[in-house]
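Asks: Below you'll find entry.cif; it's mmCIF, C-alpha atoms.
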```
data_work
#
loop_
_atom_site.label_atom_id
_atom_site.label_comp_id
_atom_site.auth_asym_id
_atom_site.auth_seq_id
_atom_site.Cartn_x
_atom_site.Cartn_y
_atom_site.Cartn_z
CA MET A 18 119.12 111.26 94.07
CA GLU A 19 117.64 111.43 90.58
CA GLY A 20 115.76 108.56 88.95
CA ARG A 21 118.54 107.02 86.86
CA GLU A 22 121.08 107.50 89.66
CA PHE A 23 118.69 105.81 92.11
CA VAL A 24 118.25 102.82 89.78
CA GLU A 25 121.98 102.43 89.19
CA SER A 26 122.95 102.98 92.83
CA VAL A 27 120.19 101.37 94.86
CA ILE A 28 118.54 98.82 92.59
CA PHE A 29 121.61 97.62 90.68
CA GLY A 30 123.73 98.04 93.82
CA ARG A 31 121.54 95.82 95.97
CA ARG A 32 123.26 92.47 96.24
CA SER A 33 122.88 89.51 98.55
CA VAL A 34 125.21 89.93 101.53
CA ARG A 35 126.04 86.90 103.66
CA LYS A 36 128.93 88.18 105.79
CA PHE A 37 128.43 90.88 108.39
CA LYS A 38 130.46 93.04 110.75
CA LYS A 39 129.70 92.80 114.46
CA ALA A 40 128.37 96.40 114.64
CA PRO A 41 124.74 96.70 115.77
CA VAL A 42 122.07 98.11 113.46
CA PRO A 43 120.60 101.30 114.97
CA ASP A 44 116.96 101.03 116.07
CA GLU A 45 116.05 104.06 113.95
CA TYR A 46 117.30 102.17 110.88
CA ILE A 47 115.18 99.16 111.81
CA GLU A 48 112.13 101.39 112.16
CA LEU A 49 112.80 103.02 108.77
CA ILE A 50 113.26 99.59 107.18
CA LEU A 51 109.90 98.45 108.59
CA LYS A 52 108.17 101.65 107.45
CA ALA A 53 109.53 101.02 103.95
CA ALA A 54 108.29 97.41 104.11
CA MET A 55 104.80 98.58 104.97
CA ALA A 56 104.86 101.10 102.11
CA ALA A 57 104.84 98.16 99.69
CA PRO A 58 101.80 97.55 97.51
CA SER A 59 99.43 94.72 98.34
CA ALA A 60 96.32 93.46 96.57
CA TRP A 61 93.30 95.51 97.64
CA ASN A 62 95.63 97.18 100.17
CA ARG A 63 95.00 94.30 102.58
CA GLN A 64 98.56 94.41 103.92
CA PRO A 65 98.67 90.67 104.73
CA TRP A 66 102.02 90.92 106.48
CA ALA A 67 103.59 91.08 109.90
CA PHE A 68 107.28 91.43 110.72
CA ILE A 69 109.28 89.76 113.47
CA VAL A 70 112.50 91.52 114.46
CA VAL A 71 115.02 89.16 116.05
CA LYS A 72 118.05 90.60 117.81
CA THR A 73 118.90 88.11 120.56
CA GLU A 74 121.89 85.90 119.82
CA LYS A 75 120.20 82.74 121.08
CA GLN A 76 117.22 83.12 118.77
CA ARG A 77 119.36 84.15 115.78
CA LYS A 78 121.43 80.99 116.26
CA GLN A 79 118.26 78.90 116.37
CA LEU A 80 117.15 80.46 113.07
CA ALA A 81 120.60 79.81 111.61
CA GLY A 82 120.14 76.13 112.38
CA ILE A 83 116.95 75.75 110.36
CA HIS A 84 118.86 74.93 107.18
CA ARG A 85 122.31 75.40 105.64
CA TYR A 86 121.30 78.52 103.70
CA ALA A 87 120.19 80.27 106.90
CA ARG A 88 123.58 80.06 108.64
CA MET A 89 124.24 83.81 108.29
CA CYS A 90 121.36 84.54 110.69
CA ALA A 91 123.75 83.75 113.55
CA GLU A 92 126.28 86.38 112.41
CA ALA A 93 123.92 89.22 111.44
CA PRO A 94 123.06 91.56 114.31
CA VAL A 95 119.38 91.56 113.34
CA VAL A 96 117.06 89.24 111.43
CA ILE A 97 113.67 90.29 110.16
CA SER A 98 111.17 87.57 109.31
CA VAL A 99 108.33 88.45 106.96
CA VAL A 100 105.21 86.50 107.81
CA GLY A 101 101.89 86.53 106.00
CA ASN A 102 98.31 85.70 106.78
CA GLU A 103 97.42 82.74 104.56
CA ALA A 104 93.72 83.68 104.87
CA ASP A 105 94.58 86.35 102.28
CA GLU A 106 94.93 84.62 98.90
CA LYS A 107 97.54 87.23 97.84
CA TRP A 108 99.73 87.01 100.94
CA ILE A 109 102.78 85.74 99.06
CA GLU A 110 102.69 88.60 96.55
CA GLY A 111 102.22 91.27 99.24
CA CYS A 112 104.89 89.86 101.53
CA SER A 113 107.30 89.54 98.59
CA ALA A 114 106.77 93.20 97.69
CA ALA A 115 107.41 94.15 101.34
CA THR A 116 110.56 92.02 101.30
CA GLU A 117 111.92 93.79 98.24
CA ASN A 118 111.29 97.15 99.91
CA ILE A 119 113.25 95.88 102.92
CA LEU A 120 116.17 94.77 100.76
CA LEU A 121 116.32 98.06 98.83
CA THR A 122 116.06 100.17 101.99
CA VAL A 123 118.75 98.13 103.71
CA HIS A 124 121.12 98.79 100.79
CA ALA A 125 120.22 102.49 100.63
CA LEU A 126 121.17 102.78 104.33
CA GLY A 127 124.61 101.26 103.72
CA LEU A 128 123.65 97.92 105.22
CA GLY A 129 123.55 94.47 103.65
CA ALA A 130 121.01 91.66 103.67
CA VAL A 131 119.98 88.44 102.00
CA TRP A 132 116.57 86.83 101.40
CA VAL A 133 116.58 83.38 103.02
CA ASP A 134 113.70 81.23 101.77
CA ILE A 135 111.65 79.46 104.42
CA ARG A 136 108.19 78.90 102.88
CA GLY A 137 108.00 75.61 101.08
CA VAL A 138 111.62 74.52 101.59
CA SER A 139 113.01 71.44 103.25
CA TYR A 140 116.79 71.80 103.30
CA GLY A 141 117.20 70.99 106.98
CA SER A 142 114.01 69.14 107.90
CA PRO A 143 110.95 67.77 106.13
CA ASN A 144 109.31 71.19 106.68
CA ASP A 145 111.67 74.08 107.50
CA GLU A 146 108.76 76.50 107.76
CA LEU A 147 107.25 74.58 110.67
CA VAL A 148 110.61 74.78 112.45
CA ALA A 149 110.73 78.55 111.86
CA LYS A 150 107.13 78.95 113.05
CA LYS A 151 108.00 77.18 116.30
CA ILE A 152 111.14 79.27 116.90
CA LEU A 153 109.29 82.51 116.14
CA ASN A 154 106.04 81.46 117.88
CA VAL A 155 104.02 82.19 114.72
CA PRO A 156 100.34 81.33 115.27
CA GLY A 157 97.81 79.39 113.22
CA LYS A 158 97.14 80.71 109.75
CA TRP A 159 100.26 82.87 109.63
CA ARG A 160 103.04 81.64 107.33
CA VAL A 161 106.77 82.37 107.38
CA LEU A 162 107.85 83.61 103.96
CA ASN A 163 111.49 84.26 104.77
CA LEU A 164 114.25 85.38 107.08
CA ILE A 165 116.29 88.47 106.25
CA PRO A 166 119.63 88.72 108.08
CA ILE A 167 120.70 92.39 108.16
CA GLY A 168 123.92 94.11 109.16
CA TYR A 169 126.87 96.14 107.99
CA PRO A 170 128.43 94.20 105.13
CA GLU A 171 131.79 92.54 105.64
CA GLU A 172 132.02 92.03 101.88
CA GLU A 173 131.90 94.46 98.97
CA LYS A 174 130.06 93.61 95.79
CA SER A 175 129.91 95.64 92.60
CA PRO A 176 126.57 96.86 91.26
CA ARG A 177 125.13 94.76 88.49
CA THR A 178 122.07 93.99 86.49
CA GLN A 179 121.08 90.57 85.31
CA TYR A 180 119.42 91.97 82.21
CA ASN A 181 118.87 89.28 79.60
CA HIS A 182 117.40 90.32 76.26
CA ALA A 183 116.40 86.70 75.55
CA LYS A 184 113.77 86.94 78.29
CA ILE A 185 111.96 89.91 76.74
CA PHE A 186 109.02 89.54 74.35
CA TYR A 187 106.71 92.10 72.76
CA GLU A 188 102.95 91.91 72.44
CA GLU A 189 102.93 88.16 73.19
CA PHE A 190 105.25 85.44 74.38
CA GLY A 191 107.80 84.46 71.76
CA ILE A 192 107.82 87.71 69.78
CA ARG A 193 111.12 89.53 69.92
CA LYS A 194 111.92 93.07 68.95
CA ASP A 195 114.98 93.06 66.71
#
```
In structure tokens, what does this structure look like?

Replies:
Amino acid sequence: MEGREFVESVIFGRRSVRKFKKAPVPDEYIELILKAAMAAPSAWNRQPWAFIVVKTEKQRKQLAGIHRYARMCAEAPVVISVVGNEADEKWIEGCSAATENILLTVHALGLGAVWVDIRGVSYGSPNDELVAKKILNVPGKWRVLNLIPIGYPEEEKSPRTQYNHAKIFYEEFGIRKD
């Protein structure tokens, strides 16, 4: 796949998928997804991440109960949680880059996924991250950035970009190119 075709197919084609078929995700796909995640850049190449792969129905249902926006974790055949070591001051940036690699790889493999925020949210409890940490047995200084339900999409979405010329400036903020 050439550069422009890759951008239009994979990057513009990647959309948030919240409905999944019951078909399992092959283990070789999960391994490829995790390899792609770990190919992400991180500050000083510290790789502040770890990944928790959740396949059991009981645990996926527990994750789905954390907050209303996590409900699709129960239906997806696999959930990957990206966790970061908060001792690294750039853990959020590195884990976010790894997450984007996961989302793009998932789409390139014909699967679907959605980024479910966990860090810093309180939709279902005063601290949803603490609930996730308990379910996933995440120790001490490790933080849960997100949950990523993954599976074969039940829904079809057209590729798109959210390009907005009004958000582009040149040389300094506020200067537009006309």

Asks: Under the PyMOL selection byres ((chain A and resi 97) around 9), which residues of this model are included? Write them out as a list in words.

Replies: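 On the file shown, the PyMOL selection byres ((chain A and resi 97) around 9) covers Phe68, Ile69, Val70, Val71, Lys72, Val95, Val96, Ser98, Val99, Asn163, Leu164, Ile165, Pro166 and Ile167 of chain A.
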
Asks: Excluding same-chain residues fewer than 2 positions from A:Glu103, what lies within 10 Å of it counting all atoms listed in the file, as a VMD selection string?

Replies: chain A and resid 65 to 66 100 to 101 105 to 109 157 to 161

Asks: Taking the file as shown, find all residues satisfying the PyMOL selection byres ((chain A and resi 47) around 10) and write them as a PDB file with C-alpha atoms, keeping the file's coordinate frame.

Replies:
```
ATOM      1  CA  VAL A  42     122.070  98.110 113.460  1.00  0.00           C
ATOM      2  CA  PRO A  43     120.600 101.300 114.970  1.00  0.00           C
ATOM      3  CA  ASP A  44     116.960 101.030 116.070  1.00  0.00           C
ATOM      4  CA  GLU A  45     116.050 104.060 113.950  1.00  0.00           C
ATOM      5  CA  TYR A  46     117.300 102.170 110.880  1.00  0.00           C
ATOM      6  CA  GLU A  48     112.130 101.390 112.160  1.00  0.00           C
ATOM      7  CA  LEU A  49     112.800 103.020 108.770  1.00  0.00           C
ATOM      8  CA  ILE A  50     113.260  99.590 107.180  1.00  0.00           C
ATOM      9  CA  LEU A  51     109.900  98.450 108.590  1.00  0.00           C
ATOM     10  CA  LYS A  52     108.170 101.650 107.450  1.00  0.00           C
ATOM     11  CA  ALA A  53     109.530 101.020 103.950  1.00  0.00           C
ATOM     12  CA  VAL A  70     112.500  91.520 114.460  1.00  0.00           C
ATOM     13  CA  VAL A  95     119.380  91.560 113.340  1.00  0.00           C
ATOM     14  CA  ILE A  97     113.670  90.290 110.160  1.00  0.00           C
ATOM     15  CA  ILE A 119     113.250  95.880 102.920  1.00  0.00           C
ATOM     16  CA  THR A 122     116.060 100.170 101.990  1.00  0.00           C
ATOM     17  CA  VAL A 123     118.750  98.130 103.710  1.00  0.00           C
ATOM     18  CA  ILE A 167     120.700  92.390 108.160  1.00  0.00           C
TER      19      ILE A 167
END
```

Asks: What is the atom CA of A:Leu128-atom CA of A:Pro170 distance in Å, reported with one decimal?

Replies: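 So the two atoms, atom CA of A:Leu128 and atom CA of A:Pro170, lie 6.1 Å apart.
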
Asks: So which residues get picked by the PyMOL selection byres ((chain A and resi 60) around 9) here, written as a list in words?

Replies: Pro58, Ser59, Trp61, Asn62, Arg63, Gln64, Pro65, Lys107, Trp108, Glu110 and Gly111 of chain A

Asks: Put those residues in a file: C-alpha atoms, as a CSV table (one decimal), keeping the file's coordinate frame.

Replies:
```csv
chain,number,residue,atom,x,y,z
A,58,PRO,CA,101.8,97.6,97.5
A,59,SER,CA,99.4,94.7,98.3
A,61,TRP,CA,93.3,95.5,97.6
A,62,ASN,CA,95.6,97.2,100.2
A,63,ARG,CA,95.0,94.3,102.6
A,64,GLN,CA,98.6,94.4,103.9
A,65,PRO,CA,98.7,90.7,104.7
A,107,LYS,CA,97.5,87.2,97.8
A,108,TRP,CA,99.7,87.0,100.9
A,110,GLU,CA,102.7,88.6,96.6
A,111,GLY,CA,102.2,91.3,99.2
```

Asks: Would you mind listing what lies within 10 Å of A:Lys39 as number ranges by chain, with all atoms listed in the file counted and same-chain residues fewer than 5 positions away left out?

Replies: A: 92-94, 168-171

Asks: Here is a test: counting only C-alpha atoms, which residue of A:Phe23, A:Lys174, A:Val133, A:Ala54 is nearest to A:Glu146?

Replies: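 Closest to A:Glu146 of all the choices is A:Val133.
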
Asks: Give me the residues of stretch 91-191 of chain A that have any atom at most 8 Å from an atom of stretch 79-83 of chain A; for each, the nearest atom pair and the distance in Å, rounded to one decimal. Use all atoms listed in the file, sort by chain and number, and format it as JSON lines.

Replies:
```
{"residue": "A:Ala91", "atom": "CA", "partner": "A:Ala81", "partner_atom": "CA", "distance": 5.4}
{"residue": "A:Gly141", "atom": "CA", "partner": "A:Ile83", "partner_atom": "CA", "distance": 5.8}
{"residue": "A:Ser142", "atom": "CA", "partner": "A:Ile83", "partner_atom": "CA", "distance": 7.6}
{"residue": "A:Asp145", "atom": "CA", "partner": "A:Ile83", "partner_atom": "CA", "distance": 6.2}
{"residue": "A:Val148", "atom": "CA", "partner": "A:Ile83", "partner_atom": "CA", "distance": 6.7}
{"residue": "A:Ala149", "atom": "CA", "partner": "A:Leu80", "partner_atom": "CA", "distance": 6.8}
{"residue": "A:Ile152", "atom": "CA", "partner": "A:Gln79", "partner_atom": "CA", "distance": 7.1}
```

Asks: Any idea what the distance is between atom CA of A:Ala57 and atom CA of A:Ala115?

Replies: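 Going from atom CA of A:Ala57 over to atom CA of A:Ala115 covers 5.0 Å.
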
Asks: In Å to one decimal, how far is atom CA of A:Ile135 from atom CA of A:Leu120?

Replies: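 So the two atoms, atom CA of A:Leu120 and atom CA of A:Ile135, lie 16.4 Å apart.
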
Asks: Taking all atoms listed in the file into account, which of A:Asn181, A:Glu19, A:Lys78, A:Ile28 comes nearest A:Asn118?

Replies: A:Ile28

Asks: Which centre and which edge lengths, in Å to one decimal, describe the axis-aligned box that holds all listed atoms of stretch 63-74 of chain A after 8 Å is added on each side, as JSON?

Replies:
```
{"center_x": 108.4, "center_y": 90.2, "center_z": 111.6, "size_x": 42.9, "size_y": 24.5, "size_z": 34.0}
```

Asks: Measuring between all atoms listed in the file, which one of A:Val24, A:Leu162, A:Ala87, A:Leu153 shows the shortest distance to A:Ala125?

Replies: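 Nearest candidate to A:Ala125 out of A:Val24, A:Leu162, A:Ala87, A:Leu153: A:Val24.
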